[in-house]
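Following: one structure in structure tokens, then a few remarks.
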Amino acid sequence: MIMQKHILLVEDDEAIREMVENYLTMEGFNVTTAINGEDALQNCLQNTFDLVILDIMIPKLNGLEVLKIIREQAALPIIIMSAKDSDVDKALGLGLGGADDYIAKPFSMLEFSARVKAVIRRATKYSSQAEQKQEVLEIDNLKIDIVNFSIAKSGQEIKLTSKEFSILKLFVTNRHRVFTKEQIYQMIWKDAYYGDENIINVHIRRLREKIEDDPSNPQYIKTLWGIGYKFEG
């Protein structure tokens, strides 16, 4: 069974938001909506998306600010929408932190859908190729073999449980991205999360004890209090 691609649609114009949401839903996408920049960033913390469709002129935080913040956290494909060419130029001109594509308002839904599918297709292909190429990751004194589920620190093999390695793999293949405890539980245990933090805390503590030089002052697995964890390095 092919999983639905999850799209975050950020648009404050109700008519446009509903039109795009309804069309993409009919096309088989799972769509979450946000009406301002703050809602968009909160959604990115709480969910995993395959694509963000981002209007530039949104309240609280404008689209360019949201774009920069998302780019600092994750390599997530982003399409921007704007009626102003100058905004499009800015968003595409942010170097590696820029948008993946843009759609100028007004637009036809056929063109819009085609651009969405093309960006997701490119991102999926790139992600697959990158994962195949990076079977062994070297981070400082850590050497992590993603395929063979093995890890060595300064040349010495470290024994991890399957869950510990799965958490580590999630972190190192998404470096600098923030994961909530709910996201970690759902991705690793493949089950609904009911707020029991203890199982996550125990696994993170054991993982730190095995890979960190000083587990009480971790270099790699960083805690973002009230939010979750991210991997630095």
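By order of appearance in the structure tokens: chains A, B, ..., then residues from 1 within every chain, and ligands from 1 in the order shown.
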**Report entry** Nearby residues (only C-alpha atoms) at most 12 Å from stretch 139-156 of chain A, same-chain spacing under 4 positions excluded, as a ChimeraX atom specification
**Finding:** /A:131-135,160-173,175,207,210-213,219-220,231-233
Would you export the selected residues with N, CA, C and O atoms as a compact mmCIF listing (two decimals), in the first residue's frame, please?
# COMPACT_ATOMS: atom_id res chain seq x y z
N GLU A 131 20.21 8.36 0.33
CA GLU A 131 20.24 7.30 1.34
C GLU A 131 21.07 6.11 0.86
O GLU A 131 21.81 5.49 1.63
N GLN A 132 20.97 5.80 -0.46
CA GLN A 132 21.75 4.69 -1.00
C GLN A 132 23.24 5.01 -0.96
O GLN A 132 24.06 4.15 -0.71
N LYS A 133 23.60 6.28 -1.25
CA LYS A 133 25.00 6.67 -1.29
C LYS A 133 25.61 6.73 0.11
O LYS A 133 26.76 6.41 0.30
N GLN A 134 24.80 7.18 1.08
CA GLN A 134 25.32 7.36 2.43
C GLN A 134 24.97 6.17 3.32
O GLN A 134 24.23 6.28 4.28
N GLU A 135 25.50 5.02 2.96
CA GLU A 135 25.25 3.83 3.76
C GLU A 135 26.08 3.85 5.04
O GLU A 135 25.67 3.29 6.05
N LEU A 160 24.22 -1.64 20.34
CA LEU A 160 22.95 -0.94 20.53
C LEU A 160 21.81 -1.93 20.35
O LEU A 160 21.91 -2.87 19.57
N THR A 161 20.72 -1.70 21.07
CA THR A 161 19.51 -2.48 20.82
C THR A 161 18.91 -2.00 19.50
O THR A 161 19.28 -0.95 18.97
N SER A 162 17.97 -2.77 18.97
CA SER A 162 17.35 -2.40 17.69
C SER A 162 16.64 -1.06 17.79
O SER A 162 16.69 -0.24 16.87
N LYS A 163 15.97 -0.80 18.92
CA LYS A 163 15.27 0.47 19.09
C LYS A 163 16.25 1.62 19.22
O LYS A 163 16.05 2.70 18.67
N GLU A 164 17.33 1.40 19.96
CA GLU A 164 18.36 2.45 20.10
C GLU A 164 18.96 2.79 18.74
O GLU A 164 19.14 3.97 18.42
N PHE A 165 19.24 1.77 17.94
CA PHE A 165 19.83 2.05 16.63
C PHE A 165 18.81 2.74 15.72
O PHE A 165 19.17 3.64 14.95
N SER A 166 17.56 2.34 15.81
CA SER A 166 16.53 2.97 14.98
C SER A 166 16.38 4.45 15.32
O SER A 166 16.21 5.29 14.43
N ILE A 167 16.45 4.77 16.61
CA ILE A 167 16.40 6.18 17.02
C ILE A 167 17.62 6.93 16.50
O ILE A 167 17.51 8.03 15.95
N LEU A 168 18.80 6.31 16.64
CA LEU A 168 20.02 6.94 16.16
C LEU A 168 19.96 7.15 14.65
O LEU A 168 20.34 8.22 14.14
N LYS A 169 19.49 6.16 13.91
CA LYS A 169 19.38 6.28 12.46
C LYS A 169 18.43 7.42 12.09
O LYS A 169 18.72 8.20 11.17
N LEU A 170 17.31 7.52 12.78
CA LEU A 170 16.37 8.61 12.54
C LEU A 170 17.06 9.97 12.73
O LEU A 170 16.90 10.88 11.91
N PHE A 171 17.85 10.07 13.79
CA PHE A 171 18.54 11.33 14.08
C PHE A 171 19.61 11.66 13.05
O PHE A 171 19.67 12.77 12.53
N VAL A 172 20.49 10.70 12.77
CA VAL A 172 21.66 11.01 11.93
C VAL A 172 21.29 11.19 10.46
O VAL A 172 22.04 11.83 9.72
N THR A 173 20.18 10.63 10.03
CA THR A 173 19.74 10.85 8.65
C THR A 173 18.87 12.09 8.53
O THR A 173 18.42 12.43 7.44
N ARG A 175 19.84 15.16 10.43
CA ARG A 175 20.59 16.00 11.35
C ARG A 175 20.05 17.41 11.40
O ARG A 175 19.68 17.98 10.37
N LEU A 207 21.09 5.67 24.99
CA LEU A 207 21.81 5.98 23.75
C LEU A 207 22.91 7.00 24.01
O LEU A 207 24.04 6.85 23.51
N LYS A 210 25.99 5.53 25.60
CA LYS A 210 26.81 4.70 24.72
C LYS A 210 27.60 5.51 23.70
O LYS A 210 28.70 5.10 23.31
N ILE A 211 27.06 6.67 23.25
CA ILE A 211 27.75 7.39 22.17
C ILE A 211 28.38 8.71 22.61
O ILE A 211 29.27 9.23 21.93
N GLU A 212 27.95 9.26 23.75
CA GLU A 212 28.45 10.55 24.19
C GLU A 212 29.67 10.39 25.10
O GLU A 212 29.74 9.45 25.89
N ASP A 213 30.63 11.31 24.98
CA ASP A 213 31.75 11.32 25.92
C ASP A 213 31.29 11.71 27.32
O ASP A 213 31.75 11.17 28.31
N GLN A 219 27.01 16.06 23.37
CA GLN A 219 27.53 16.77 22.20
C GLN A 219 26.62 16.56 20.99
O GLN A 219 26.50 17.44 20.15
N TYR A 220 26.01 15.38 20.92
CA TYR A 220 25.24 15.02 19.73
C TYR A 220 23.73 15.15 19.92
O TYR A 220 23.07 15.88 19.18
N PHE A 231 19.68 16.09 16.57
CA PHE A 231 21.05 15.59 16.53
C PHE A 231 21.96 16.64 15.91
O PHE A 231 21.71 17.10 14.80
N GLU A 232 23.01 17.01 16.65
CA GLU A 232 24.01 17.95 16.14
C GLU A 232 25.27 17.17 15.77
O GLU A 232 25.55 16.13 16.33
N GLY A 233 26.05 17.74 14.87
CA GLY A 233 27.30 17.09 14.50
C GLY A 233 27.44 16.94 13.01
O GLY A 233 26.49 17.08 12.28
Report task. Check stretch 112-163 of chain A with DSSP on the backbone and list each residue it calls helix (DSSP H, G or I), as a list in words. Result ->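 Listing helix (DSSP H, G or I) positions across stretch 112-163 of chain A yields Phe112, Ser113, Ala114, Arg115, Val116, Lys117, Ala118, Val119, Ile120, Arg121, Arg122, Ala123, Thr124, Lys125, Tyr126, Ser127, Ser128, Gln129, Ala130, Glu131, Gln132, Lys133, Ser162 and Lys163 of chain A.
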Got a sec: who's within 12 Å of A:Val119, counting only C-alpha atoms, leaving out chain neighbours fewer than 2 positions off, as a PDB file with N, CA, C and O atoms, in the first residue's frame?
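The new file part-v1.pdb reads:
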ATOM      1  N   LYS A   5       1.033  11.122   0.459  1.00  0.00           N
ATOM      2  CA  LYS A   5       1.973  12.192   0.721  1.00  0.00           C
ATOM      3  C   LYS A   5       1.270  13.266   1.543  1.00  0.00           C
ATOM      4  O   LYS A   5       0.131  13.636   1.270  1.00  0.00           O
ATOM      5  N   ILE A   7       0.958  17.016   2.874  1.00  0.00           N
ATOM      6  CA  ILE A   7       1.281  18.379   2.449  1.00  0.00           C
ATOM      7  C   ILE A   7       0.790  19.381   3.484  1.00  0.00           C
ATOM      8  O   ILE A   7      -0.340  19.277   3.979  1.00  0.00           O
ATOM      9  N   ASP A  50       5.756  15.916   3.547  1.00  0.00           N
ATOM     10  CA  ASP A  50       6.512  15.653   2.329  1.00  0.00           C
ATOM     11  C   ASP A  50       6.695  16.913   1.506  1.00  0.00           C
ATOM     12  O   ASP A  50       7.558  16.964   0.631  1.00  0.00           O
ATOM     13  N   LEU A  51       5.893  17.944   1.775  1.00  0.00           N
ATOM     14  CA  LEU A  51       5.948  19.186   1.007  1.00  0.00           C
ATOM     15  C   LEU A  51       5.238  20.282   1.786  1.00  0.00           C
ATOM     16  O   LEU A  51       4.236  20.034   2.469  1.00  0.00           O
ATOM     17  N   VAL A  52       5.776  21.509   1.674  1.00  0.00           N
ATOM     18  CA  VAL A  52       5.101  22.694   2.213  1.00  0.00           C
ATOM     19  C   VAL A  52       4.761  23.613   1.049  1.00  0.00           C
ATOM     20  O   VAL A  52       5.621  23.916   0.214  1.00  0.00           O
ATOM     21  N   ILE A  53       3.497  24.019   0.979  1.00  0.00           N
ATOM     22  CA  ILE A  53       3.052  25.013   0.001  1.00  0.00           C
ATOM     23  C   ILE A  53       2.809  26.293   0.786  1.00  0.00           C
ATOM     24  O   ILE A  53       1.961  26.332   1.685  1.00  0.00           O
ATOM     25  N   LEU A  76      13.244  20.113   3.637  1.00  0.00           N
ATOM     26  CA  LEU A  76      11.860  19.844   3.278  1.00  0.00           C
ATOM     27  C   LEU A  76      11.515  20.620   2.008  1.00  0.00           C
ATOM     28  O   LEU A  76      11.728  21.834   1.954  1.00  0.00           O
ATOM     29  N   PRO A  77      11.012  19.963   0.954  1.00  0.00           N
ATOM     30  CA  PRO A  77      10.670  20.703  -0.267  1.00  0.00           C
ATOM     31  C   PRO A  77       9.570  21.727  -0.027  1.00  0.00           C
ATOM     32  O   PRO A  77       8.600  21.452   0.690  1.00  0.00           O
ATOM     33  N   ILE A  78       9.742  22.898  -0.627  1.00  0.00           N
ATOM     34  CA  ILE A  78       8.820  24.009  -0.406  1.00  0.00           C
ATOM     35  C   ILE A  78       8.470  24.661  -1.736  1.00  0.00           C
ATOM     36  O   ILE A  78       9.353  24.988  -2.529  1.00  0.00           O
ATOM     37  N   ILE A  79       7.176  24.850  -1.969  1.00  0.00           N
ATOM     38  CA  ILE A  79       6.692  25.634  -3.095  1.00  0.00           C
ATOM     39  C   ILE A  79       6.089  26.915  -2.539  1.00  0.00           C
ATOM     40  O   ILE A  79       5.275  26.859  -1.613  1.00  0.00           O
ATOM     41  N   ILE A  80       6.493  28.053  -3.087  1.00  0.00           N
ATOM     42  CA  ILE A  80       5.906  29.305  -2.622  1.00  0.00           C
ATOM     43  C   ILE A  80       4.844  29.784  -3.608  1.00  0.00           C
ATOM     44  O   ILE A  80       4.897  29.478  -4.809  1.00  0.00           O
ATOM     45  N   ALA A  99      13.420  28.397  -2.018  1.00  0.00           N
ATOM     46  CA  ALA A  99      12.299  27.522  -2.331  1.00  0.00           C
ATOM     47  C   ALA A  99      12.660  26.595  -3.479  1.00  0.00           C
ATOM     48  O   ALA A  99      13.549  26.877  -4.280  1.00  0.00           O
ATOM     49  N   ASP A 100      11.953  25.466  -3.566  1.00  0.00           N
ATOM     50  CA  ASP A 100      12.192  24.503  -4.639  1.00  0.00           C
ATOM     51  C   ASP A 100      11.461  24.886  -5.917  1.00  0.00           C
ATOM     52  O   ASP A 100      11.897  24.537  -7.012  1.00  0.00           O
ATOM     53  N   ASP A 101      10.367  25.588  -5.776  1.00  0.00           N
ATOM     54  CA  ASP A 101       9.596  26.006  -6.949  1.00  0.00           C
ATOM     55  C   ASP A 101       8.633  27.103  -6.503  1.00  0.00           C
ATOM     56  O   ASP A 101       8.497  27.382  -5.306  1.00  0.00           O
ATOM     57  N   TYR A 102       7.990  27.727  -7.480  1.00  0.00           N
ATOM     58  CA  TYR A 102       7.002  28.754  -7.142  1.00  0.00           C
ATOM     59  C   TYR A 102       5.832  28.658  -8.107  1.00  0.00           C
ATOM     60  O   TYR A 102       5.940  28.099  -9.193  1.00  0.00           O
ATOM     61  N   ILE A 103       4.718  29.196  -7.673  1.00  0.00           N
ATOM     62  CA  ILE A 103       3.545  29.299  -8.525  1.00  0.00           C
ATOM     63  C   ILE A 103       3.013  30.723  -8.382  1.00  0.00           C
ATOM     64  O   ILE A 103       2.848  31.228  -7.271  1.00  0.00           O
ATOM     65  N   PHE A 112      -0.966  23.854 -11.061  1.00  0.00           N
ATOM     66  CA  PHE A 112      -0.576  23.758  -9.653  1.00  0.00           C
ATOM     67  C   PHE A 112      -0.305  22.309  -9.268  1.00  0.00           C
ATOM     68  O   PHE A 112       0.722  21.980  -8.670  1.00  0.00           O
ATOM     69  N   SER A 113      -1.233  21.431  -9.627  1.00  0.00           N
ATOM     70  CA  SER A 113      -1.085  20.014  -9.298  1.00  0.00           C
ATOM     71  C   SER A 113       0.156  19.416  -9.954  1.00  0.00           C
ATOM     72  O   SER A 113       0.874  18.617  -9.338  1.00  0.00           O
ATOM     73  N   ALA A 114       0.425  19.805 -11.186  1.00  0.00           N
ATOM     74  CA  ALA A 114       1.588  19.290 -11.900  1.00  0.00           C
ATOM     75  C   ALA A 114       2.881  19.703 -11.203  1.00  0.00           C
ATOM     76  O   ALA A 114       3.827  18.909 -11.077  1.00  0.00           O
ATOM     77  N   ARG A 115       2.942  20.949 -10.730  1.00  0.00           N
ATOM     78  CA  ARG A 115       4.139  21.431 -10.027  1.00  0.00           C
ATOM     79  C   ARG A 115       4.321  20.707  -8.692  1.00  0.00           C
ATOM     80  O   ARG A 115       5.438  20.355  -8.310  1.00  0.00           O
ATOM     81  N   VAL A 116       3.226  20.489  -7.987  1.00  0.00           N
ATOM     82  CA  VAL A 116       3.282  19.771  -6.706  1.00  0.00           C
ATOM     83  C   VAL A 116       3.836  18.366  -6.910  1.00  0.00           C
ATOM     84  O   VAL A 116       4.753  17.926  -6.201  1.00  0.00           O
ATOM     85  N   LYS A 117       3.298  17.657  -7.892  1.00  0.00           N
ATOM     86  CA  LYS A 117       3.735  16.283  -8.147  1.00  0.00           C
ATOM     87  C   LYS A 117       5.190  16.240  -8.592  1.00  0.00           C
ATOM     88  O   LYS A 117       5.938  15.328  -8.212  1.00  0.00           O
ATOM     89  N   ARG A 121       8.139  14.361  -6.567  1.00  0.00           N
ATOM     90  CA  ARG A 121       8.845  13.305  -7.300  1.00  0.00           C
ATOM     91  C   ARG A 121      10.360  13.531  -7.250  1.00  0.00           C
ATOM     92  O   ARG A 121      11.125  12.603  -6.993  1.00  0.00           O
ATOM     93  N   ARG A 122      10.791  14.785  -7.465  1.00  0.00           N
ATOM     94  CA  ARG A 122      12.220  15.095  -7.419  1.00  0.00           C
ATOM     95  C   ARG A 122      12.778  14.869  -6.023  1.00  0.00           C
ATOM     96  O   ARG A 122      13.871  14.319  -5.853  1.00  0.00           O
ATOM     97  N   ALA A 123      12.031  15.306  -5.000  1.00  0.00           N
ATOM     98  CA  ALA A 123      12.498  15.167  -3.614  1.00  0.00           C
ATOM     99  C   ALA A 123      12.600  13.701  -3.210  1.00  0.00           C
ATOM    100  O   ALA A 123      13.547  13.287  -2.542  1.00  0.00           O
ATOM    101  N   THR A 124      11.635  12.896  -3.622  1.00  0.00           N
ATOM    102  CA  THR A 124      11.637  11.472  -3.295  1.00  0.00           C
ATOM    103  C   THR A 124      12.803  10.767  -3.966  1.00  0.00           C
ATOM    104  O   THR A 124      13.493   9.942  -3.357  1.00  0.00           O
ATOM    105  N   LYS A 125      13.064  11.108  -5.227  1.00  0.00           N
ATOM    106  CA  LYS A 125      14.175  10.511  -5.967  1.00  0.00           C
ATOM    107  C   LYS A 125      15.507  10.893  -5.346  1.00  0.00           C
ATOM    108  O   LYS A 125      16.391  10.059  -5.152  1.00  0.00           O
ATOM    109  N   TYR A 126      15.651  12.176  -4.999  1.00  0.00           N
ATOM    110  CA  TYR A 126      16.904  12.645  -4.392  1.00  0.00           C
ATOM    111  C   TYR A 126      17.147  11.990  -3.049  1.00  0.00           C
ATOM    112  O   TYR A 126      18.248  11.552  -2.738  1.00  0.00           O
TER     113      TYR A 126
END
Query raised in the report: Using the chain letters and numbers from this document, which residues of stretch 21-170 of chain A does DSSP assign to strand (DSSP E), as number ranges by chain?
Result: A: 30-34, 51-55, 78-82, 101-104, 136-139, 142-145, 150-153, 156-158
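Note that atom CA of A:Gln42 and atom CA of A:Ala118 are 26.1 Å apart.
For the pair atom CA of A:Glu14 and atom CA of A:Ser108, the separation is 17.0 Å.
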Query raised in the report: If you measure from atom CA of A:Glu182 to atom CA of A:Gln46, what distance in Å do you get, rounded to one decimal?
Result: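 Distance reported for this atom pair: 8.0 Å.
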Query - Minimum-distance residue to A:Phe29, chosen among A:Gln4, A:Gln73, A:Ser82, A:Asn43 (using only C-alpha atoms) - result: A:Gln4
Query raised in the report: Neighbours of A:His6 within 6 Å (only C-alpha atoms; same-chain residues fewer than 5 positions away dropped), as number ranges by chain?
Result: A: 30-31, 49-50
